[in-house]
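Note sheet for the following structure.
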Amino acid sequence: MLRFLGLRLARAALTIGLVVTFAFVVLRLSGDPALMIMSPEAPAEAIAAFRHAWGLDQPIWAQYLRYFGAILHGELGQSMRDGRPAIQLVAERIPATLAITLPALLVKVGLGIPAGIHAALHRDSLTDRIVMAGAVAGFTVPSFVLGLLLVLLFAVQLGWLPSGGQESWRSAILPVITLGLGGAGILARFTRSAMLEVLGQPYIRTASAKGVPWRAVVRGHALPNAAIPTVTVVGFMVGSLIAGAVVVESVFSWPGVGRLLVVAVANRDLAVVQCILLLVAATMVLSNLIVDLLYGVLDPRLRSQAAAGAH
Amino acid sequence: MSATTLATVPPLPRRHARVPTLVAVAMAWIVAMLAVALLAETIRPYGITALDLRARLTPPVGFGGTARHLLGTDELGRDVLSRLIVSIRISLLIAFGATVIAATVGTTLGFLAAHFRGWVEQLVLMLIDFQASMPFLILALSVLAFFGNSLPLFVALMGLYGWERHARIARGLAIAANAQGYAAAVRQLGASPLRIYLRHVLPNIASTLIVSATLSFPEVVLLESGLSFLGLGVQPPMTSLGNMVGYGREYLTRAPWILLAPSAAIVLTTLSVSLLGDWLRDRLDPTLT
């Protein structure tokens with residue numbers, strides 16, 4: 001078990017290291033930030049001072065080490081636009097993002113998983129068809145189209161709900177529905193196919209054949225085995241709590257991390273973009289780690305496999 | 001043994017296999033979209049930047065508009081139908097180019113991993129893990145933030161989408177193929193690895209790779225339109241479906257048709273390609289996810 005944990009932790013650290021390296025490479029390949037931020041007519045001394053202040057006048061490997069060291073110390077630089085620490089700017093936006101992504105996650109799990117299970121247990125029934133149609137829509141209707149259609153219907157035509165901004169809790173309803181419906185469709189489809197696969201296994205037939213009531217077969221044999229692929233998808237959704245709402249936040253002018261990211265990208269505010277990139281990487285890695293550990297709990301075989309060193 | 005061999009050979013398609021109605025409709029829509037994309041420059045009624053200042057924000061035909069502008073016009077009097085036609089061409093072109101790039105890159109890396117094993121394979125697997133564990137949109141946004149935006153860069157960036165899925169499939173299938181008689185036989189005859197992979201392994205696993213590419217095509221369309229919607233993808237004066245939706249959003253209350261036409265095009269196209277992909281998968285390789 002310790003070895004299993006150690007391997008997973010090492011992999012998590014490696015992924016974070018890769019993201020930091022990716023951010024650094026992309027940052028430095030992209031050209032001279034001094035010339036992007038300052039106007040071309042700026043005096044040479046001002047540009048030199050800017051380069052010195054940001055460490056851009058040092059050799060590339062020294063910049064890399066410095067960069068890595070700074071990140072390990074939690075120094076993520078200042079916003080090149082307004083001079084405040086990037087991490088502070090990002091942290092201020094996290095509550096607003098979570099205010100829509102957490103309820104949306106509840107909608108996804110609360111709607112998607114039961115719908116998927118129900119559809120699998122009643123294959124080819126009317127509910128199955130409705131669930132599958134919804135799932136396909138979840139894959140093919142982009143969130144900005146769904147969001148704008150909801151705005152058109154509930155804000156413009158009916159006037160029930162605000163179309164954007166963050167005045168009251170009612171402003172959060174449309175973003176949450178937009179995020180939740182799309183994700184619920186995806187989750188329902190995964191749960192359904194995982195359940196169908198499990199229901200076709202010989203041990204299900206054995207359990208039914210020896211007289212176990214169908215309800216107990218589903219609860220005791222089918223659900224636990226179908227949980228693994230479902231947990232993977234839910235884990236990915238938990239990991240994208242922070243950054244999964246980039247498009248939806250833009251549609252509804254919701255002042256969260258995603259909106260900040262889009263504005264920072266458009267303004268080329270490097271420090272803010274990399275801060276969000278690292279934050280997303282950290283949440284993704286953390287949720288992957290939790291999912292990996294959950295696998296170990298759900299399926300003892302994976303635990304012993306990892307301990308034996310086999311992939 | 002016979003069971004595993006049988007499982008990897010897809011059943012021969014029956015000559016008069018019935019195509020479900022829904023899939024047939026989807027195919028018809030895809031063909032129509034391809035025709036629009038190919039003939040865009042000839043069938044568009046107006047130029048995409050041509051202004052008709054006396055007919056600004058005209059609604060579509062049937063909603064108070066005239067036959068001069070079938071789908072209405074926008075704030076500057078530009079013809080929505082013409083812009084839609086050109087947008088379909090550009091969005092499909094980008095998605096097609098990106099899917100081909102991703103399939104090529106992914107298959108090559110998958111074959112390299114299957115051929116060399118050892119550290120090459122570990123490196124490829126590590127990259128796959130990295131790519132799969134990060135939301136692609138965030139990586140794409142970071143690259144765009146730092147490199148700025150140009151069309152070749154944008155297509156190349158979209159071309160990285162989904163490579164890891166192709167790589168994973170290609171690696172698994174190539175390893176399985178290497179263990180089979182035909183690959184060993186050609187190897188014994190002295191064929192070079194390049195020849196074995198391109199002339200013998202690739203044709204044998206192509207159907208699965210094509211299905212996987214068909215399944216990722218709509219996702220690329222969604223990604224491109226999402227980025228263009230945010231104003232970070234295709235830049236004006238060029239136009240794409242997402243770009244049109246982003247522009248039309250400003251006129252949501254006064255002129256919803258600007259936004260509804262490209263939205264419908266996106267949804268119907270991704271839906272059709274998904275339906276086709278699912279159907280192909282069920283017929284050729286049901287094990288694919």
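By order of appearance in the structure tokens: chains A, B, ..., then residues from 1 within every chain, and ligands from 1 in the order shown.
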Do a neighbour search on A:Thr21 at 12 Å with only C-alpha atoms, toss out local chain neighbours closer than 3 positions, and write the hits as a PyMOL selection string. (chain A and resi 14-18+24-29+61+63-65+67-68+71+274+277-278) or (chain B and resi 130)
Based on the selection just made, write N, CA, C and O atoms of those residues as an mmCIF file, in the first residue's frame.
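Output saved as selection23.cif:
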data_model
loop_
_atom_site.group_PDB
_atom_site.id
_atom_site.type_symbol
_atom_site.label_atom_id
_atom_site.label_comp_id
_atom_site.auth_asym_id
_atom_site.auth_seq_id
_atom_site.Cartn_x
_atom_site.Cartn_y
_atom_site.Cartn_z
ATOM 1 N N LEU A 14 5.639 14.480 -10.894
ATOM 2 C CA LEU A 14 6.161 14.532 -12.259
ATOM 3 C C LEU A 14 5.255 15.365 -13.158
ATOM 4 O O LEU A 14 5.719 16.207 -13.941
ATOM 5 N N THR A 15 3.943 15.168 -13.013
ATOM 6 C CA THR A 15 3.013 15.926 -13.852
ATOM 7 C C THR A 15 3.129 17.414 -13.565
ATOM 8 O O THR A 15 3.172 18.237 -14.481
ATOM 9 N N ILE A 16 3.202 17.770 -12.267
ATOM 10 C CA ILE A 16 3.348 19.185 -11.918
ATOM 11 C C ILE A 16 4.642 19.737 -12.513
ATOM 12 O O ILE A 16 4.667 20.829 -13.109
ATOM 13 N N GLY A 17 5.727 18.958 -12.404
ATOM 14 C CA GLY A 17 7.003 19.386 -12.976
ATOM 15 C C GLY A 17 6.873 19.620 -14.472
ATOM 16 O O GLY A 17 7.397 20.608 -15.013
ATOM 17 N N LEU A 18 6.155 18.722 -15.155
ATOM 18 C CA LEU A 18 5.962 18.868 -16.604
ATOM 19 C C LEU A 18 5.191 20.139 -16.928
ATOM 20 O O LEU A 18 5.513 20.837 -17.886
ATOM 21 N N PHE A 24 7.144 27.319 -18.663
ATOM 22 C CA PHE A 24 8.385 28.053 -18.878
ATOM 23 C C PHE A 24 8.765 28.071 -20.355
ATOM 24 O O PHE A 24 9.092 29.118 -20.918
ATOM 25 N N VAL A 25 8.701 26.896 -21.000
ATOM 26 C CA VAL A 25 9.087 26.802 -22.413
ATOM 27 C C VAL A 25 8.205 27.708 -23.263
ATOM 28 O O VAL A 25 8.684 28.511 -24.065
ATOM 29 N N VAL A 26 6.891 27.603 -23.029
ATOM 30 C CA VAL A 26 5.953 28.402 -23.817
ATOM 31 C C VAL A 26 6.208 29.888 -23.597
ATOM 32 O O VAL A 26 6.249 30.691 -24.522
ATOM 33 N N LEU A 27 6.446 30.237 -22.318
ATOM 34 C CA LEU A 27 6.711 31.623 -21.963
ATOM 35 C C LEU A 27 7.912 32.179 -22.701
ATOM 36 O O LEU A 27 7.893 33.270 -23.251
ATOM 37 N N ARG A 28 8.997 31.404 -22.692
ATOM 38 C CA ARG A 28 10.238 31.930 -23.237
ATOM 39 C C ARG A 28 10.315 31.824 -24.750
ATOM 40 O O ARG A 28 10.976 32.604 -25.403
ATOM 41 N N LEU A 29 9.608 30.821 -25.325
ATOM 42 C CA LEU A 29 9.607 30.693 -26.779
ATOM 43 C C LEU A 29 8.818 31.818 -27.423
ATOM 44 O O LEU A 29 8.969 32.123 -28.594
ATOM 45 N N TRP A 61 19.035 28.981 -18.784
ATOM 46 C CA TRP A 61 18.990 27.940 -17.748
ATOM 47 C C TRP A 61 18.854 28.561 -16.362
ATOM 48 O O TRP A 61 18.171 28.035 -15.485
ATOM 49 N N GLN A 63 17.340 31.355 -15.785
ATOM 50 C CA GLN A 63 15.934 31.759 -15.681
ATOM 51 C C GLN A 63 15.062 30.579 -15.291
ATOM 52 O O GLN A 63 14.142 30.687 -14.484
ATOM 53 N N TYR A 64 15.356 29.388 -15.892
ATOM 54 C CA TYR A 64 14.569 28.195 -15.619
ATOM 55 C C TYR A 64 14.672 27.800 -14.159
ATOM 56 O O TYR A 64 13.663 27.556 -13.488
ATOM 57 N N LEU A 65 15.925 27.771 -13.641
ATOM 58 C CA LEU A 65 16.129 27.395 -12.238
ATOM 59 C C LEU A 65 15.442 28.389 -11.316
ATOM 60 O O LEU A 65 14.755 28.014 -10.360
ATOM 61 N N TYR A 67 12.993 30.259 -12.024
ATOM 62 C CA TYR A 67 11.546 30.101 -12.203
ATOM 63 C C TYR A 67 11.022 28.957 -11.344
ATOM 64 O O TYR A 67 10.067 29.090 -10.585
ATOM 65 N N PHE A 68 11.729 27.800 -11.471
ATOM 66 C CA PHE A 68 11.315 26.622 -10.706
ATOM 67 C C PHE A 68 11.385 26.907 -9.211
ATOM 68 O O PHE A 68 10.460 26.602 -8.454
ATOM 69 N N ILE A 71 8.615 29.143 -7.998
ATOM 70 C CA ILE A 71 7.320 28.482 -7.896
ATOM 71 C C ILE A 71 7.263 27.586 -6.671
ATOM 72 O O ILE A 71 6.255 27.511 -5.975
ATOM 73 N N GLN A 274 -0.053 32.008 -16.175
ATOM 74 C CA GLN A 274 0.676 30.847 -15.654
ATOM 75 C C GLN A 274 0.229 30.481 -14.258
ATOM 76 O O GLN A 274 0.228 29.302 -13.888
ATOM 77 N N LEU A 277 -2.746 28.410 -14.861
ATOM 78 C CA LEU A 277 -2.311 27.132 -15.419
ATOM 79 C C LEU A 277 -1.827 26.190 -14.309
ATOM 80 O O LEU A 277 -2.202 25.018 -14.247
ATOM 81 N N LEU A 278 -0.992 26.733 -13.408
ATOM 82 C CA LEU A 278 -0.456 25.905 -12.323
ATOM 83 C C LEU A 278 -1.545 25.499 -11.343
ATOM 84 O O LEU A 278 -1.571 24.360 -10.860
ATOM 85 N N PHE B 130 0.270 13.046 -19.291
ATOM 86 C CA PHE B 130 0.285 14.488 -19.064
ATOM 87 C C PHE B 130 -0.856 15.147 -19.828
ATOM 88 O O PHE B 130 -1.639 15.916 -19.284
#
Compile a residue-level contact table for chain B against chain A at a cut-off of 7 Å, reporting for every qualifying residue the shortest atom pair and its distance in Å to one decimal, with only C-alpha atoms counted, rows ordered by chain and ascending number, as JSON lines.
{"residue": "B:Phe130", "atom": "CA", "partner": "A:Thr15", "partner_atom": "CA", "distance": 6.1}
{"residue": "B:Ser133", "atom": "CA", "partner": "A:Met284", "partner_atom": "CA", "distance": 6.6}
{"residue": "B:Met134", "atom": "CA", "partner": "A:Ala281", "partner_atom": "CA", "distance": 6.5}
{"residue": "B:Ile138", "atom": "CA", "partner": "A:Leu277", "partner_atom": "CA", "distance": 6.8}
{"residue": "B:Leu141", "atom": "CA", "partner": "A:Val265", "partner_atom": "CA", "distance": 6.7}
{"residue": "B:Ser142", "atom": "CA", "partner": "A:Val273", "partner_atom": "CA", "distance": 6.4}
{"residue": "B:Val143", "atom": "CA", "partner": "A:Val26", "partner_atom": "CA", "distance": 6.4}
{"residue": "B:Ala145", "atom": "CA", "partner": "A:Val265", "partner_atom": "CA", "distance": 4.4}
{"residue": "B:Phe146", "atom": "CA", "partner": "A:Ser30", "partner_atom": "CA", "distance": 5.3}
{"residue": "B:Phe147", "atom": "CA", "partner": "A:Ser30", "partner_atom": "CA", "distance": 4.9}
{"residue": "B:Leu222", "atom": "CA", "partner": "A:Pro142", "partner_atom": "CA", "distance": 6.2}
{"residue": "B:Thr253", "atom": "CA", "partner": "A:Val156", "partner_atom": "CA", "distance": 6.4}
{"residue": "B:Ser263", "atom": "CA", "partner": "A:Val145", "partner_atom": "CA", "distance": 6.1}
{"residue": "B:Val267", "atom": "CA", "partner": "A:Val141", "partner_atom": "CA", "distance": 5.4}
{"residue": "B:Thr270", "atom": "CA", "partner": "A:Thr140", "partner_atom": "CA", "distance": 5.5}
{"residue": "B:Leu271", "atom": "CA", "partner": "A:Thr140", "partner_atom": "CA", "distance": 5.5}
With N, CA and C atoms retained, could you export that selection as a PDB file, in the first residue's frame?
ATOM      1  N   PHE B 130       0.270  13.046 -19.291  1.00  0.00           N
ATOM      2  CA  PHE B 130       0.285  14.488 -19.064  1.00  0.00           C
ATOM      3  C   PHE B 130      -0.856  15.147 -19.828  1.00  0.00           C
ATOM      4  N   SER B 133      -4.254  14.413 -18.496  1.00  0.00           N
ATOM      5  CA  SER B 133      -4.590  14.897 -17.157  1.00  0.00           C
ATOM      6  C   SER B 133      -4.801  16.408 -17.127  1.00  0.00           C
ATOM      7  N   MET B 134      -4.552  17.089 -18.242  1.00  0.00           N
ATOM      8  CA  MET B 134      -4.774  18.534 -18.262  1.00  0.00           C
ATOM      9  C   MET B 134      -5.920  18.864 -19.215  1.00  0.00           C
ATOM     10  N   ILE B 138      -7.331  24.768 -21.427  1.00  0.00           N
ATOM     11  CA  ILE B 138      -6.436  25.605 -20.630  1.00  0.00           C
ATOM     12  C   ILE B 138      -5.046  25.659 -21.260  1.00  0.00           C
ATOM     13  N   LEU B 141      -5.253  27.825 -24.311  1.00  0.00           N
ATOM     14  CA  LEU B 141      -5.332  29.246 -23.963  1.00  0.00           C
ATOM     15  C   LEU B 141      -3.956  29.779 -23.562  1.00  0.00           C
ATOM     16  N   SER B 142      -3.172  28.977 -22.796  1.00  0.00           N
ATOM     17  CA  SER B 142      -1.854  29.453 -22.391  1.00  0.00           C
ATOM     18  C   SER B 142      -0.973  29.666 -23.607  1.00  0.00           C
ATOM     19  N   VAL B 143      -1.004  28.705 -24.540  1.00  0.00           N
ATOM     20  CA  VAL B 143      -0.170  28.854 -25.732  1.00  0.00           C
ATOM     21  C   VAL B 143      -0.579  30.110 -26.499  1.00  0.00           C
ATOM     22  N   ALA B 145      -1.964  32.744 -25.312  1.00  0.00           N
ATOM     23  CA  ALA B 145      -1.601  33.941 -24.560  1.00  0.00           C
ATOM     24  C   ALA B 145      -0.175  34.346 -24.881  1.00  0.00           C
ATOM     25  N   PHE B 146       0.682  33.339 -25.005  1.00  0.00           N
ATOM     26  CA  PHE B 146       2.093  33.662 -25.122  1.00  0.00           C
ATOM     27  C   PHE B 146       2.538  33.853 -26.563  1.00  0.00           C
ATOM     28  N   PHE B 147       1.929  33.146 -27.493  1.00  0.00           N
ATOM     29  CA  PHE B 147       2.391  33.244 -28.877  1.00  0.00           C
ATOM     30  C   PHE B 147       1.562  34.207 -29.696  1.00  0.00           C
ATOM     31  N   LEU B 222     -16.030  21.758 -31.811  1.00  0.00           N
ATOM     32  CA  LEU B 222     -16.490  22.451 -30.605  1.00  0.00           C
ATOM     33  C   LEU B 222     -15.371  23.292 -30.001  1.00  0.00           C
ATOM     34  N   THR B 253     -30.634  40.424 -28.201  1.00  0.00           N
ATOM     35  CA  THR B 253     -32.010  40.870 -28.028  1.00  0.00           C
ATOM     36  C   THR B 253     -32.588  41.438 -29.318  1.00  0.00           C
ATOM     37  N   SER B 263     -25.161  28.797 -34.738  1.00  0.00           N
ATOM     38  CA  SER B 263     -25.340  27.821 -33.651  1.00  0.00           C
ATOM     39  C   SER B 263     -25.951  26.538 -34.198  1.00  0.00           C
ATOM     40  N   VAL B 267     -24.307  22.748 -34.096  1.00  0.00           N
ATOM     41  CA  VAL B 267     -24.950  21.624 -33.425  1.00  0.00           C
ATOM     42  C   VAL B 267     -25.269  20.505 -34.424  1.00  0.00           C
ATOM     43  N   THR B 270     -21.888  18.745 -35.613  1.00  0.00           N
ATOM     44  CA  THR B 270     -21.264  17.874 -34.622  1.00  0.00           C
ATOM     45  C   THR B 270     -22.165  16.672 -34.336  1.00  0.00           C
ATOM     46  N   LEU B 271     -23.465  16.911 -34.295  1.00  0.00           N
ATOM     47  CA  LEU B 271     -24.406  15.811 -34.055  1.00  0.00           C
ATOM     48  C   LEU B 271     -24.301  14.770 -35.165  1.00  0.00           C
TER      49      LEU B 271
END
Show me a table, sorted first by chain and then by increasing residue number, of the residues of stretch 86-173 of chain B having an atom at most 12 Å from stretch 204-207 of chain B, each with its shortest atom pair and the distance in Å to one decimal, counting only C-alpha atoms and written as a Markdown table.
| residue | atom | partner | partner_atom | distance |
| --- | --- | --- | --- | --- |
| B:Ala103 | CA | B:Ala206 | CA | 10.8 |
| B:Thr104 | CA | B:Ala206 | CA | 11.7 |
| B:Thr107 | CA | B:Ala206 | CA | 10.1 |
| B:Phe111 | CA | B:Ile205 | CA | 11.5 |
| B:His166 | CA | B:Ala206 | CA | 11.1 |
| B:Ile169 | CA | B:Ile205 | CA | 9.4 |
| B:Ala170 | CA | B:Ile205 | CA | 7.9 |
| B:Arg171 | CA | B:Ile205 | CA | 10.6 |
| B:Gly172 | CA | B:Ile205 | CA | 10.3 |
| B:Leu173 | CA | B:Ile205 | CA | 6.8 |
Applying 12 Å and only C-alpha atoms, which residues near A:Pro95 remain after dropping the ones on its own chain fewer than 6 positions away? List them as a CSV table (one decimal) with all heavy atoms, in the first residue's frame.
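Now in part37.csv:
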chain,number,residue,atom,x,y,z
A,89,LEU,N,-4.8,38.0,-7.3
A,89,LEU,CA,-5.9,38.2,-8.2
A,89,LEU,C,-6.7,37.0,-8.5
A,89,LEU,O,-7.9,37.0,-8.6
A,89,LEU,CB,-5.2,38.6,-9.6
A,89,LEU,CG,-4.8,40.1,-9.7
A,89,LEU,CD1,-4.1,40.3,-11.1
A,89,LEU,CD2,-6.1,41.0,-9.7
A,101,THR,N,-19.6,26.3,-10.1
A,101,THR,CA,-19.1,24.9,-10.5
A,101,THR,C,-19.5,23.9,-9.4
A,101,THR,O,-19.8,22.7,-9.8
A,101,THR,CB,-17.6,24.9,-10.7
A,101,THR,OG1,-16.9,25.5,-9.6
A,101,THR,CG2,-17.3,25.6,-12.0
A,102,LEU,N,-19.6,24.2,-8.1
A,102,LEU,CA,-20.0,23.2,-7.2
A,102,LEU,C,-21.4,22.8,-7.3
A,102,LEU,O,-21.7,21.6,-7.4
A,102,LEU,CB,-19.7,23.7,-5.7
A,102,LEU,CG,-18.2,23.5,-5.2
A,102,LEU,CD1,-18.1,24.1,-3.9
A,102,LEU,CD2,-17.8,22.0,-5.2
A,241,LEU,N,-13.1,21.8,-11.5
A,241,LEU,CA,-14.0,22.7,-10.8
A,241,LEU,C,-13.5,24.2,-11.0
A,241,LEU,O,-14.3,25.1,-11.1
A,241,LEU,CB,-14.0,22.4,-9.3
A,241,LEU,CG,-14.9,21.3,-8.8
A,241,LEU,CD1,-14.7,21.1,-7.3
A,241,LEU,CD2,-16.4,21.7,-9.1
A,242,ILE,N,-12.2,24.4,-11.0
A,242,ILE,CA,-11.7,25.7,-11.1
A,242,ILE,C,-11.7,26.3,-12.5
A,242,ILE,O,-12.0,27.4,-12.7
A,242,ILE,CB,-10.2,25.7,-10.5
A,242,ILE,CG1,-10.2,25.2,-9.1
A,242,ILE,CG2,-9.6,27.1,-10.7
A,242,ILE,CD1,-10.0,26.2,-8.1
A,254,TRP,N,-19.7,36.2,-15.8
A,254,TRP,CA,-19.6,35.9,-14.4
A,254,TRP,C,-18.1,36.1,-13.9
A,254,TRP,O,-17.2,35.6,-14.6
A,254,TRP,CB,-19.9,34.4,-14.2
A,254,TRP,CG,-20.0,33.9,-12.8
A,254,TRP,CD1,-19.0,33.3,-12.1
A,254,TRP,CD2,-21.1,34.0,-11.9
A,254,TRP,NE1,-19.4,33.0,-10.9
A,254,TRP,CE2,-20.7,33.4,-10.7
A,254,TRP,CE3,-22.4,34.6,-12.0
A,254,TRP,CZ2,-21.6,33.4,-9.6
A,254,TRP,CZ3,-23.2,34.5,-10.9
A,254,TRP,CH2,-22.8,33.9,-9.7
A,255,PRO,N,-17.9,36.9,-12.9
A,255,PRO,CA,-16.5,37.3,-12.6
A,255,PRO,C,-15.7,36.2,-11.9
A,255,PRO,O,-15.3,36.4,-10.7
A,255,PRO,CB,-16.7,38.5,-11.6
A,255,PRO,CG,-18.0,38.2,-11.0
A,255,PRO,CD,-18.9,37.5,-12.0
A,256,GLY,N,-15.5,35.1,-12.5
A,256,GLY,CA,-14.7,34.0,-11.9
A,256,GLY,C,-13.3,33.8,-12.5
A,256,GLY,O,-12.8,34.7,-13.3
A,257,VAL,N,-12.7,32.7,-12.2
A,257,VAL,CA,-11.3,32.4,-12.7
A,257,VAL,C,-11.3,32.3,-14.2
A,257,VAL,O,-10.4,32.8,-14.8
A,257,VAL,CB,-10.8,31.1,-12.0
A,257,VAL,CG1,-9.4,30.8,-12.6
A,257,VAL,CG2,-10.8,31.2,-10.5
A,258,GLY,N,-12.3,31.7,-14.8
A,258,GLY,CA,-12.3,31.5,-16.2
A,258,GLY,C,-12.4,32.8,-17.0
A,258,GLY,O,-11.6,33.1,-18.0
Taking 5 positions as the minimum chain separation for residues in the same chain, which residues sit within 9 Å of A:Ile117 when counting only C-alpha atoms? Answer as a PyMOL selection string. chain A and resi 112+122+188+191-192+194-196+223
So, with only C-alpha atoms as the atoms that count, which of A:Pro175, A:Pro229, A:Pro59, A:Gly235 lies closest to A:Leu98? A:Pro175
